[in-house]
Amino acid sequence: MKAFRFRLESVLGLRRFEDERARLELARAERALAEAGEQHAAWRERVRESADALGRRLAAGLPAGLLRSSAAALETLDSRVAEAADRIGAARAQLAERRRAARLAHARKRALERLRELASAEHRRELERHAQRELDEIGSLRAGRRS
């Protein structure tokens, strides 16, 4: 009898590749979200430091021109924080999409792996039936010779 050969082996290989690629893309999206969060935290820290410095300048009674430039710098930092928050939102959306794609790719791969397992089990059963038929035939030939 022939050795087992899964007819969809090349498709299964492609699905395995797609699953691996989807998991890599998911990892990249997770990294991007972490980096966006770190950047956001860094900008927020700079805003806090600048606000503290502005408060000290106000308490020291610095000239209005210096206070205005400090306030403008603080506004610029606030806009950076807002941009970083937007990047976090985009990274979260991208991460959700990558998770969905990874789940789908894994499910597609797993479905073909299950088909392969079923086909392999059927092939083993067929081999066992074939071997049993041969044993039965040998037994009946021996029984025929004895009589």
# chains A, B, ... in the order shown; residues from 1 in each chain; ligands from 1
>>> residues_around(residues="Lys2 (chain A)", least_positions_apart="3", cutoff="12 Å", atoms="only C-alpha atoms", output="PyMOL selection string")
chain A and resi 5-6+123-124+126-127+130
>>> write_last_selection(atoms="C-alpha atoms", output="JSON list (two decimals), in the first residue's frame")
[["chain", "number", "residue", "atom", "x", "y", "z"],
["A", 5, "ARG", "CA", 0.28, 11.70, 1.31],
["A", 6, "PHE", "CA", -1.89, 14.66, 2.27],
["A", 123, "HIS", "CA", -5.03, 6.03, 5.99],
["A", 124, "ARG", "CA", -3.87, 4.09, 9.08],
["A", 126, "GLU", "CA", -7.12, 1.46, 5.69],
["A", 127, "LEU", "CA", -3.65, -0.03, 6.20],
["A", 130, "HIS", "CA", -5.63, -4.26, 4.29]]
>>> residues_around(residues="Glu18 (chain A)", least_positions_apart="4", cutoff="8 Å", atoms="only C-alpha atoms", output="short mmCIF file (atom, residue, chain, number, x, y, z; two decimals) with C-alpha atoms, in the first residue's frame")
data_model
loop_
_atom_site.label_atom_id
_atom_site.label_comp_id
_atom_site.auth_asym_id
_atom_site.auth_seq_id
_atom_site.Cartn_x
_atom_site.Cartn_y
_atom_site.Cartn_z
CA LEU A 14 1.09 28.24 3.08
CA ALA A 22 0.44 37.08 11.42
CA ALA A 105 -4.73 32.77 10.37
#
>>> atom_distance(atom1="CA of Thr76 (chain A)", atom2="CA of Ala90 (chain A)")
21.1 Å
>>> residues_around(residues="Glu75 (chain A)", least_positions_apart="3", cutoff="12 Å", atoms="only C-alpha atoms", output="list in words")
Trp43, Arg44, Arg46, Val47, Arg48, Ser50, Ala51, Leu54, Arg68, Ser69, Ser70, Ala71, Ala72, Asp78, Ser79, Arg80, Val81 and Ala82 of chain A
>>> write_last_selection(atoms="C-alpha atoms", output="short mmCIF file (atom, residue, chain, number, x, y, z; two decimals), in the first residue's frame")
data_model
loop_
_atom_site.label_atom_id
_atom_site.label_comp_id
_atom_site.auth_asym_id
_atom_site.auth_seq_id
_atom_site.Cartn_x
_atom_site.Cartn_y
_atom_site.Cartn_z
CA TRP A 43 6.08 63.79 26.95
CA ARG A 44 3.78 63.92 29.98
CA ARG A 46 8.31 66.84 30.27
CA VAL A 47 5.02 68.74 30.56
CA ARG A 48 5.01 68.19 34.31
CA SER A 50 7.88 72.44 32.44
CA ALA A 51 4.76 73.28 34.43
CA LEU A 54 6.79 77.78 35.01
CA ARG A 68 4.91 84.03 27.84
CA SER A 69 7.70 82.06 26.13
CA SER A 70 7.56 79.45 28.91
CA ALA A 71 3.78 79.20 28.54
CA ALA A 72 4.15 78.83 24.75
CA ASP A 78 0.85 69.74 25.48
CA SER A 79 0.31 69.31 21.74
CA ARG A 80 3.09 66.67 21.71
CA VAL A 81 1.28 64.82 24.48
CA ALA A 82 -1.94 64.95 22.45
#
>>> closest_residue(among="A:Ala96, A:Leu74, A:Leu66, A:Leu24", to="Asp52 (chain A)", atoms="only C-alpha atoms")
A:Leu74
>>> residues_around(residues="Ala32 (chain A)", least_positions_apart="3", cutoff="10 Å", atoms="only C-alpha atoms", output="ChimeraX atom specification")
/A:26-29,35-38,87-88,90-92,94-95
>>> atom_distance(atom1="CA of Arg116 (chain A)", atom2="CA of Asp19 (chain A)")
16.7 Å
>>> closest_residue(among="A:Ala34, A:Ala41, A:Leu104, A:Met1", to="Arg15 (chain A)", atoms="only C-alpha atoms")
A:Leu104
>>> residues_around(residues="Phe17 (chain A)", least_positions_apart="5", cutoff="12 Å", atoms="only C-alpha atoms", output="list of chain:residue names")
A:Ser10, A:Val11, A:Leu12, A:Ala22, A:Arg23, A:Leu24, A:Ala102, A:Ala105, A:His106, A:Arg108, A:Lys109
>>> closest_residue(among="A:His40, A:Gly139, A:Ala111, A:Ala60", to="Leu77 (chain A)", atoms="only C-alpha atoms")
A:His40
>>> atom_distance(atom1="CA of Phe4 (chain A)", atom2="CA of Ser120 (chain A)")
6.7 Å
>>> decode(residues="region 24-59 of chain A", atoms="N, CA and C atoms", output="compact mmCIF listing (two decimals), in the first residue's frame")
# COMPACT_ATOMS: atom_id res chain seq x y z
N LEU A 24 4.04 37.40 13.82
CA LEU A 24 5.09 38.41 13.80
C LEU A 24 4.52 39.81 13.72
N GLU A 25 3.51 39.99 12.89
CA GLU A 25 2.85 41.29 12.77
C GLU A 25 2.18 41.68 14.08
N LEU A 26 1.61 40.71 14.78
CA LEU A 26 1.01 40.98 16.08
C LEU A 26 2.08 41.44 17.07
N ALA A 27 3.23 40.79 17.05
CA ALA A 27 4.31 41.19 17.95
C ALA A 27 4.80 42.61 17.62
N ARG A 28 4.87 42.94 16.34
CA ARG A 28 5.27 44.30 15.95
C ARG A 28 4.25 45.33 16.45
N ALA A 29 2.98 45.00 16.33
CA ALA A 29 1.93 45.92 16.78
C ALA A 29 2.00 46.10 18.30
N GLU A 30 2.28 45.01 19.02
CA GLU A 30 2.42 45.12 20.48
C GLU A 30 3.60 46.01 20.84
N ARG A 31 4.72 45.84 20.11
CA ARG A 31 5.89 46.69 20.34
C ARG A 31 5.58 48.15 20.05
N ALA A 32 4.87 48.40 18.95
CA ALA A 32 4.52 49.78 18.58
C ALA A 32 3.65 50.43 19.65
N LEU A 33 2.72 49.67 20.20
CA LEU A 33 1.87 50.21 21.27
C LEU A 33 2.71 50.52 22.51
N ALA A 34 3.61 49.63 22.85
CA ALA A 34 4.46 49.86 24.03
C ALA A 34 5.33 51.10 23.82
N GLU A 35 5.89 51.24 22.62
CA GLU A 35 6.73 52.41 22.33
C GLU A 35 5.91 53.70 22.37
N ALA A 36 4.70 53.65 21.83
CA ALA A 36 3.84 54.84 21.86
C ALA A 36 3.49 55.20 23.31
N GLY A 37 3.24 54.21 24.14
CA GLY A 37 2.96 54.47 25.54
C GLY A 37 4.16 55.07 26.26
N GLU A 38 5.34 54.56 25.97
CA GLU A 38 6.56 55.11 26.59
C GLU A 38 6.78 56.55 26.14
N GLN A 39 6.56 56.81 24.87
CA GLN A 39 6.74 58.17 24.34
C GLN A 39 5.71 59.12 24.98
N HIS A 40 4.49 58.65 25.11
CA HIS A 40 3.45 59.46 25.74
C HIS A 40 3.83 59.78 27.18
N ALA A 41 4.30 58.79 27.90
CA ALA A 41 4.70 59.01 29.30
C ALA A 41 5.87 59.99 29.38
N ALA A 42 6.81 59.89 28.45
CA ALA A 42 7.95 60.81 28.45
C ALA A 42 7.50 62.24 28.19
N TRP A 43 6.58 62.43 27.24
CA TRP A 43 6.08 63.79 26.95
C TRP A 43 5.30 64.32 28.15
N ARG A 44 4.52 63.46 28.79
CA ARG A 44 3.78 63.92 29.98
C ARG A 44 4.73 64.34 31.09
N GLU A 45 5.81 63.61 31.25
CA GLU A 45 6.81 63.97 32.27
C GLU A 45 7.44 65.32 31.94
N ARG A 46 7.74 65.54 30.66
CA ARG A 46 8.31 66.84 30.27
C ARG A 46 7.33 67.97 30.52
N VAL A 47 6.05 67.72 30.27
CA VAL A 47 5.02 68.74 30.56
C VAL A 47 4.99 69.03 32.05
N ARG A 48 5.03 67.99 32.87
CA ARG A 48 5.01 68.19 34.31
C ARG A 48 6.22 69.00 34.77
N GLU A 49 7.39 68.65 34.24
CA GLU A 49 8.61 69.38 34.60
C GLU A 49 8.52 70.84 34.16
N SER A 50 8.01 71.07 32.95
CA SER A 50 7.88 72.44 32.44
C SER A 50 6.86 73.23 33.24
N ALA A 51 5.77 72.59 33.62
CA ALA A 51 4.76 73.28 34.43
C ALA A 51 5.32 73.64 35.79
N ASP A 52 6.10 72.73 36.37
CA ASP A 52 6.75 73.04 37.65
C ASP A 52 7.70 74.22 37.50
N ALA A 53 8.49 74.21 36.42
CA ALA A 53 9.43 75.31 36.19
C ALA A 53 8.69 76.62 35.98
N LEU A 54 7.59 76.56 35.24
CA LEU A 54 6.79 77.78 35.01
C LEU A 54 6.24 78.30 36.34
N GLY A 55 5.79 77.40 37.19
CA GLY A 55 5.28 77.81 38.51
C GLY A 55 6.37 78.48 39.34
N ARG A 56 7.58 77.94 39.27
CA ARG A 56 8.69 78.56 40.01
C ARG A 56 9.01 79.94 39.45
N ARG A 57 8.92 80.08 38.12
CA ARG A 57 9.21 81.38 37.50
C ARG A 57 8.15 82.41 37.89
N LEU A 58 6.90 81.93 37.93
CA LEU A 58 5.82 82.84 38.35
C LEU A 58 6.06 83.31 39.78
N ALA A 59 6.45 82.37 40.64
CA ALA A 59 6.68 82.71 42.05
C ALA A 59 7.88 83.65 42.19
